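Data from upload06.txt: compact mmCIF, C-alpha atoms
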# COMPACT_ATOMS: atom_id res chain seq x y z
CA MET A 895 -63.33 -17.98 -14.96
CA ARG A 896 -61.03 -15.04 -15.43
CA GLU A 897 -57.66 -15.83 -16.88
CA ALA A 898 -54.92 -15.50 -14.31
CA HIS A 899 -52.14 -14.26 -16.60
CA PRO A 900 -53.58 -12.83 -19.80
CA THR A 901 -51.42 -10.89 -22.22
CA ASP A 902 -53.18 -7.61 -21.51
CA GLU A 903 -52.81 -7.82 -17.74
CA TRP A 904 -50.21 -9.73 -15.76
CA GLN A 905 -48.51 -11.98 -18.24
CA MET A 906 -45.69 -14.13 -16.89
CA LYS A 907 -42.53 -15.22 -18.67
CA SER A 908 -43.72 -18.80 -18.43
CA ASN A 909 -46.78 -17.92 -20.53
CA VAL A 910 -44.54 -16.86 -23.38
CA LYS A 911 -42.24 -19.84 -22.91
CA ASP A 912 -45.13 -22.30 -22.94
CA GLY A 913 -47.04 -20.55 -25.69
CA VAL A 914 -50.07 -19.87 -23.50
CA CYS A 915 -50.82 -16.32 -24.54
CA TYR A 916 -54.38 -15.10 -24.44
CA ALA A 917 -55.92 -11.74 -23.72
CA GLN A 918 -58.46 -11.56 -20.92
CA PRO A 919 -61.69 -12.82 -22.50
CA LYS A 920 -64.35 -10.16 -22.77
CA THR A 921 -67.09 -12.47 -24.01
CA LEU A 922 -68.28 -15.95 -23.20
CA GLU A 923 -67.34 -17.08 -26.68
CA GLN A 924 -63.73 -16.05 -26.06
CA ARG A 925 -63.69 -17.96 -22.79
CA VAL A 926 -65.11 -21.03 -24.47
CA ALA A 927 -62.50 -20.77 -27.22
CA ILE A 928 -59.68 -20.73 -24.66
CA ALA A 929 -61.20 -23.73 -22.89
CA GLN A 930 -61.43 -25.58 -26.18
CA ASP A 931 -57.79 -24.79 -26.93
CA PHE A 932 -56.83 -26.20 -23.55
CA THR A 933 -58.67 -29.45 -24.04
CA LYS A 934 -57.27 -29.91 -27.52
CA ARG A 935 -53.73 -29.15 -26.46
CA TYR A 936 -53.70 -31.49 -23.48
CA LYS A 937 -56.36 -33.95 -24.65
CA PHE A 938 -58.07 -33.42 -21.34
CA PRO A 939 -60.62 -36.19 -20.78
CA LEU A 940 -62.60 -34.71 -17.93
CA PRO A 941 -65.86 -32.78 -18.31
CA PHE A 942 -65.54 -29.04 -18.41
CA GLY A 943 -67.77 -26.32 -17.15
CA ILE A 944 -67.06 -22.73 -18.03
CA ASP A 945 -68.13 -19.92 -15.74
CA ASP A 946 -70.27 -17.33 -17.44
CA MET A 947 -69.10 -13.74 -17.62
CA GLY A 948 -70.82 -12.94 -14.35
CA ASN A 949 -68.32 -15.29 -12.67
CA ALA A 950 -71.03 -16.85 -10.51
CA ALA A 951 -69.14 -20.05 -9.79
CA ASP A 952 -65.98 -18.14 -8.94
CA ALA A 953 -67.90 -15.91 -6.57
CA ALA A 954 -69.66 -18.84 -4.92
CA TYR A 955 -66.48 -20.84 -4.42
CA SER A 956 -63.90 -18.04 -4.06
CA ALA A 957 -62.05 -20.01 -6.64
CA TRP A 958 -59.83 -17.55 -8.44
CA PRO A 959 -57.04 -18.12 -9.44
CA GLU A 960 -57.23 -21.84 -8.69
CA ARG A 961 -58.75 -24.03 -6.05
CA LEU A 962 -59.82 -27.59 -5.36
CA TYR A 963 -63.03 -28.81 -3.77
CA VAL A 964 -64.74 -32.09 -3.15
CA ILE A 965 -68.51 -32.20 -2.79
CA ASP A 966 -69.72 -35.34 -1.10
CA GLU A 967 -72.75 -37.39 -2.00
CA SER A 968 -74.97 -35.36 0.29
CA GLY A 969 -74.09 -32.10 -1.45
CA HIS A 970 -71.81 -30.72 1.23
CA ILE A 971 -68.25 -29.50 0.99
CA ALA A 972 -66.11 -32.44 2.06
CA TYR A 973 -62.74 -30.94 1.10
CA ARG A 974 -61.74 -27.35 0.51
CA GLY A 975 -58.25 -26.74 -0.79
CA GLY A 976 -56.17 -23.67 -0.16
CA MET A 977 -56.20 -20.66 -2.43
CA GLY A 978 -53.79 -20.89 -5.34
CA PRO A 979 -51.19 -20.52 -6.43
CA PHE A 980 -49.16 -21.06 -3.29
CA ASN A 981 -51.70 -23.19 -1.44
CA TYR A 982 -53.05 -25.10 -4.44
CA ASN A 983 -52.11 -28.66 -3.58
CA PRO A 984 -53.31 -31.50 -5.81
CA LYS A 985 -51.09 -33.94 -3.91
CA GLU A 986 -52.92 -33.15 -0.70
CA LEU A 987 -56.24 -33.77 -2.47
CA ARG A 988 -55.04 -37.08 -3.88
CA GLU A 989 -54.01 -38.18 -0.40
CA TRP A 990 -57.33 -37.03 1.01
CA LEU A 991 -59.26 -38.94 -1.63
CA ALA A 992 -57.16 -42.04 -1.11
CA ALA A 993 -57.72 -41.89 2.64
CA ARG A 994 -61.45 -41.46 2.25
CA TYR A 995 -62.31 -43.50 -0.81
CA GLY A 996 -59.34 -45.75 -1.33
CA ALA A 997 -56.43 -45.42 -3.73
CA VAL A 998 -57.31 -44.06 -7.17
CA ASN A 999 -56.90 -46.49 -10.05
CA HIS A 1000 -55.57 -44.32 -12.87
CA ASP A 1001 -55.92 -47.17 -15.33
CA THR A 1002 -59.70 -46.90 -15.37
CA ALA A 1003 -59.81 -43.71 -17.42
CA ALA A 1004 -63.13 -44.65 -18.98
CA ALA A 1005 -65.01 -44.38 -15.72
CA PRO A 1006 -66.26 -40.85 -15.48
CA ALA A 1007 -67.78 -40.15 -12.15
CA SER A 1008 -68.54 -36.59 -11.84
CA ALA A 1009 -65.64 -34.45 -12.53
CA ALA A 1010 -66.32 -30.90 -13.19
CA GLN A 1011 -63.69 -28.43 -13.89
CA ALA A 1012 -65.27 -25.15 -13.45
CA SER A 1013 -64.07 -21.95 -14.70
CA ALA A 1014 -61.68 -23.10 -17.19
CA PRO A 1015 -61.54 -26.16 -19.14
CA ALA A 1016 -63.26 -28.45 -16.75
CA PRO A 1017 -62.43 -31.97 -17.38
CA ALA A 1018 -65.33 -34.04 -16.33
CA SER A 1019 -64.38 -37.49 -15.46
CA THR A 1020 -65.05 -39.60 -12.53
CA SER A 1021 -66.40 -37.19 -10.09
CA SER A 1022 -64.14 -34.49 -11.14
CA THR A 1023 -65.21 -31.46 -12.88
CA SER A 1024 -62.98 -28.75 -14.03
CA ALA A 1025 -64.35 -25.34 -13.94
CA LYS A 1026 -62.87 -22.54 -15.93
CA MET B 1087 -54.34 52.11 0.11
CA LEU B 1088 -55.16 50.07 3.11
CA TRP B 1089 -52.47 48.94 5.40
CA VAL B 1090 -53.25 45.82 7.33
CA ILE B 1091 -51.20 45.32 10.37
CA LEU B 1092 -51.11 41.72 11.49
CA PRO B 1093 -49.91 40.72 14.90
CA ALA B 1094 -46.61 38.86 14.75
CA ALA B 1095 -46.73 35.17 15.72
CA THR B 1096 -45.72 34.69 19.27
CA GLY B 1097 -42.81 32.46 20.13
CA SER B 1098 -45.04 29.71 21.55
CA ASP B 1099 -47.34 29.62 18.49
CA SER B 1100 -44.48 29.22 16.03
CA GLY B 1101 -42.98 26.53 18.25
CA VAL B 1102 -46.16 24.43 18.25
CA GLN B 1103 -46.64 24.87 14.52
CA GLY B 1104 -43.06 23.89 13.94
CA SER B 1105 -43.48 20.75 16.02
CA VAL B 1106 -46.61 19.76 14.15
CA LYS B 1107 -44.91 20.30 10.81
CA ARG B 1108 -41.90 18.27 11.90
CA PHE B 1109 -44.16 15.47 13.09
CA LEU B 1110 -46.10 15.42 9.83
CA LYS B 1111 -42.87 15.30 7.83
CA TRP B 1112 -41.59 12.47 9.99
CA PHE B 1113 -44.88 10.59 9.68
CA ALA B 1114 -44.92 11.03 5.90
CA GLY B 1115 -41.33 9.79 5.75
CA VAL B 1116 -42.17 6.69 7.78
CA VAL B 1117 -45.21 5.93 5.61
CA ALA B 1118 -43.14 6.35 2.44
CA MET B 1119 -40.46 4.01 3.79
CA LEU B 1120 -43.09 1.42 4.73
CA LEU B 1121 -44.57 1.60 1.25
CA VAL B 1122 -41.15 1.15 -0.33
CA ALA B 1123 -40.43 -1.77 1.99
CA ALA B 1124 -43.78 -3.35 1.20
CA PHE B 1125 -43.18 -3.02 -2.52
CA ALA B 1126 -39.69 -4.46 -2.11
CA PHE B 1127 -41.16 -7.42 -0.21
CA PHE B 1128 -43.82 -7.95 -2.87
CA SER B 1129 -41.16 -7.75 -5.56
CA TYR B 1130 -39.16 -10.42 -3.77
CA MET B 1131 -42.21 -12.67 -3.32
CA ALA B 1132 -43.43 -12.18 -6.85
CA GLY B 1133 -40.01 -12.41 -8.47
CA SER B 1134 -39.65 -8.93 -9.89
CA PRO B 1135 -41.08 -5.41 -9.52
CA LYS B 1136 -43.16 -5.99 -12.67
CA ASP B 1137 -44.67 -9.10 -11.12
CA ALA B 1138 -45.23 -7.27 -7.85
CA TYR B 1139 -47.16 -4.60 -9.70
CA GLY B 1140 -49.12 -7.26 -11.57
CA MET B 1141 -49.96 -9.02 -8.32
CA VAL B 1142 -51.20 -5.86 -6.66
CA ARG B 1143 -52.96 -4.44 -9.70
CA TYR B 1144 -54.56 -7.57 -11.19
CA ALA B 1145 -54.48 -10.43 -8.71
CA LEU B 1146 -55.24 -9.12 -5.25
CA PRO B 1147 -58.57 -7.48 -6.20
CA HIS B 1148 -59.89 -10.85 -7.41
CA MET B 1149 -58.63 -13.09 -4.63
CA HIS B 1150 -61.15 -13.77 -1.89
CA ARG B 1151 -60.90 -16.15 1.00
CA GLY B 1152 -64.62 -16.79 0.94
CA THR B 1153 -66.76 -18.19 3.69
CA LEU B 1154 -67.20 -21.79 2.63
CA LYS B 1155 -66.03 -24.42 5.09
CA VAL B 1156 -65.97 -28.18 5.17
CA GLY B 1157 -69.52 -29.16 5.95
CA SER B 1158 -71.10 -26.15 4.22
CA ASP B 1159 -73.78 -26.73 1.63
CA ALA B 1160 -72.04 -26.75 -1.72
CA PRO B 1161 -73.21 -23.70 -3.65
CA ASP B 1162 -74.80 -24.25 -7.00
CA ALA B 1163 -73.85 -22.39 -10.15
CA ARG B 1164 -74.73 -22.78 -13.80
CA LEU B 1165 -71.83 -23.52 -16.06
CA VAL B 1166 -71.45 -23.56 -19.80
CA ALA B 1167 -70.34 -26.79 -21.40
CA LEU B 1168 -67.38 -26.98 -23.72
CA ASP B 1169 -69.58 -26.75 -26.79
CA GLY B 1170 -70.31 -23.19 -25.76
CA THR B 1171 -74.06 -23.71 -25.88
CA SER B 1172 -75.30 -26.30 -23.43
CA ARG B 1173 -75.44 -25.44 -19.78
CA PHE B 1174 -75.58 -27.47 -16.64
CA HIS B 1175 -75.70 -26.91 -12.92
CA ILE B 1176 -72.99 -28.11 -10.58
CA ARG B 1177 -75.72 -29.73 -8.50
CA GLU B 1178 -76.66 -31.96 -11.43
CA ARG B 1179 -73.31 -33.69 -11.09
CA THR B 1180 -73.60 -34.41 -7.36
CA GLY B 1181 -75.47 -37.10 -5.53
CA ALA B 1182 -74.46 -40.44 -6.90
CA ARG B 1183 -70.80 -40.00 -6.09
CA PRO B 1184 -68.43 -37.37 -4.77
CA LEU B 1185 -67.59 -34.55 -7.12
CA VAL B 1186 -64.14 -33.02 -7.43
CA LEU B 1187 -64.11 -29.43 -8.62
CA VAL B 1188 -60.85 -28.22 -10.13
CA PHE B 1189 -60.98 -24.47 -10.63
CA GLY B 1190 -58.37 -22.81 -12.78
CA SER B 1191 -57.59 -21.05 -16.02
CA PHE B 1192 -55.38 -21.87 -18.97
CA THR B 1193 -52.94 -18.99 -18.48

Show this structure as C-alpha cells.
Amino acid sequence: MREAHPTDEWQMKSNVKDGVCYAQPKTLEQRVAIAQDFTKRYKFPLPFGIDDMGNAADAAYSAWPERLYVIDESGHIAYRGGMGPFNYNPKELREWLAARYGAVNHDTAAAPASAAQASAPAPASTSSTSAK
Amino acid sequence: MLWVILPAATGSDSGVQGSVKRFLKWFAGVVAMLLVAAFAFFSYMAGSPKDAYGMVRYALPHMHRGTLKVGSDAPDARLVALDGTSRFHIRERTGARPLVLVFGSFT
C-alpha cells in the first residue's frame, strides 16, 4: 500500500538513519520494486501480496499505515489489531494466537500456512500474509 | 455636484456594532489560540513541528478506523505477488487454516 514515510512526503529521521529512503510509488512497478528490496534486505520468508494502485486491500481493511488481522478458517475476522503506529501490537497478536492455537514453534520455518502480508512486502508463511 | 446627506449613526446603533465587532475579534482570537495550542500538542506528540505538519498533511487523510469488527466477513481483495505479475485473492489463502494479515510499508 502507500508508503508511510516516503522521501517526497513525510520522511522521518529514522528513514535516513536506516537507509530506507523511497519516494511515494506512483506506479505498481515502483511498489513492487520497493517490496522486492524489502524482502531482499531482510530475507523475509513469508508470502507477500502487494496492493494495486487503487489501494483496494487498504480500503477494505482500513490498514494504512499498519495493522494486523487474523482471518479464521470460516473466512471471518477473528482478530483485528489497532491502527498503527501507536496501536500496532505484534506482541498482543502473538499472545492471542498462542491462546487460541497454542504456542508458536518458531523452529518450523518451513511450514507455510497462509501468511499474507498485504500492502507491502507480504511475507507468506504459515497462515501469515504480509500485504504491502 | 450632488451632495448626499447621510443620517449620522445613532448612539445605540454604534454601540451594537461595536459589541459585535468586539465579539468577533474575541472569537477570532480564541480560535487562533486553539489552533496554536492544537499545533503545539501535535508537535509534542509527533516529536517536532515538521513531524506535526507531516502527520496532518500526509497521514491523517489516509487513516481510517473502518467498520470491520471481529466476526465480520473478511473482505476479499486482489493482490499482486512479489514477481510483479501474478495475482491472487486474499480469499484463496483462507479456509484450510487461519490467515494472519500483516499490513505495512517499508518506509

**Item:** Within 10 Å of chain A: residues of chain B, using only C-alpha atoms, as a ChimeraX atom specification
**Value:** /B:1136-1145,1148-1193

Residue subset to file, keeping C-alpha atoms, as a short mmCIF file (atom, residue, chain, number, x, y, z; two decimals), keeping the file's coordinate frame:
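Saved the output as selection-v3.cif:
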data_model
loop_
_atom_site.label_atom_id
_atom_site.label_comp_id
_atom_site.auth_asym_id
_atom_site.auth_seq_id
_atom_site.Cartn_x
_atom_site.Cartn_y
_atom_site.Cartn_z
CA LYS B 1136 -43.16 -5.99 -12.67
CA ASP B 1137 -44.67 -9.10 -11.12
CA ALA B 1138 -45.23 -7.27 -7.85
CA TYR B 1139 -47.16 -4.60 -9.70
CA GLY B 1140 -49.12 -7.26 -11.57
CA MET B 1141 -49.96 -9.02 -8.32
CA VAL B 1142 -51.20 -5.86 -6.66
CA ARG B 1143 -52.96 -4.44 -9.70
CA TYR B 1144 -54.56 -7.57 -11.19
CA ALA B 1145 -54.48 -10.43 -8.71
CA HIS B 1148 -59.89 -10.85 -7.41
CA MET B 1149 -58.63 -13.09 -4.63
CA HIS B 1150 -61.15 -13.77 -1.89
CA ARG B 1151 -60.90 -16.15 1.00
CA GLY B 1152 -64.62 -16.79 0.94
CA THR B 1153 -66.76 -18.19 3.69
CA LEU B 1154 -67.20 -21.79 2.63
CA LYS B 1155 -66.03 -24.42 5.09
CA VAL B 1156 -65.97 -28.18 5.17
CA GLY B 1157 -69.52 -29.16 5.95
CA SER B 1158 -71.10 -26.15 4.22
CA ASP B 1159 -73.78 -26.73 1.63
CA ALA B 1160 -72.04 -26.75 -1.72
CA PRO B 1161 -73.21 -23.70 -3.65
CA ASP B 1162 -74.80 -24.25 -7.00
CA ALA B 1163 -73.85 -22.39 -10.15
CA ARG B 1164 -74.73 -22.78 -13.80
CA LEU B 1165 -71.83 -23.52 -16.06
CA VAL B 1166 -71.45 -23.56 -19.80
CA ALA B 1167 -70.34 -26.79 -21.40
CA LEU B 1168 -67.38 -26.98 -23.72
CA ASP B 1169 -69.58 -26.75 -26.79
CA GLY B 1170 -70.31 -23.19 -25.76
CA THR B 1171 -74.06 -23.71 -25.88
CA SER B 1172 -75.30 -26.30 -23.43
CA ARG B 1173 -75.44 -25.44 -19.78
CA PHE B 1174 -75.58 -27.47 -16.64
CA HIS B 1175 -75.70 -26.91 -12.92
CA ILE B 1176 -72.99 -28.11 -10.58
CA ARG B 1177 -75.72 -29.73 -8.50
CA GLU B 1178 -76.66 -31.96 -11.43
CA ARG B 1179 -73.31 -33.69 -11.09
CA THR B 1180 -73.60 -34.41 -7.36
CA GLY B 1181 -75.47 -37.10 -5.53
CA ALA B 1182 -74.46 -40.44 -6.90
CA ARG B 1183 -70.80 -40.00 -6.09
CA PRO B 1184 -68.43 -37.37 -4.77
CA LEU B 1185 -67.59 -34.55 -7.12
CA VAL B 1186 -64.14 -33.02 -7.43
CA LEU B 1187 -64.11 -29.43 -8.62
CA VAL B 1188 -60.85 -28.22 -10.13
CA PHE B 1189 -60.98 -24.47 -10.63
CA GLY B 1190 -58.37 -22.81 -12.78
CA SER B 1191 -57.59 -21.05 -16.02
CA PHE B 1192 -55.38 -21.87 -18.97
CA THR B 1193 -52.94 -18.99 -18.48
#

**Item:** atom CA of A:Lys911 to atom CA of A:Lys937, distance in Å rounded to a single decimal
**Value:**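 Here the two named atoms are 20.0 Å from each other.
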
**atom CA of B:Leu1146 to atom CA of B:Gly1133, straight-line distance in Å** = 15.9 Å

**Item:** Computed interatomic separation between atom CA of A:Gly948 and atom CA of A:Tyr936 (Å)
**Value:**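 Value for the atom CA of A:Gly948-atom CA of A:Tyr936 distance: 26.8 Å.
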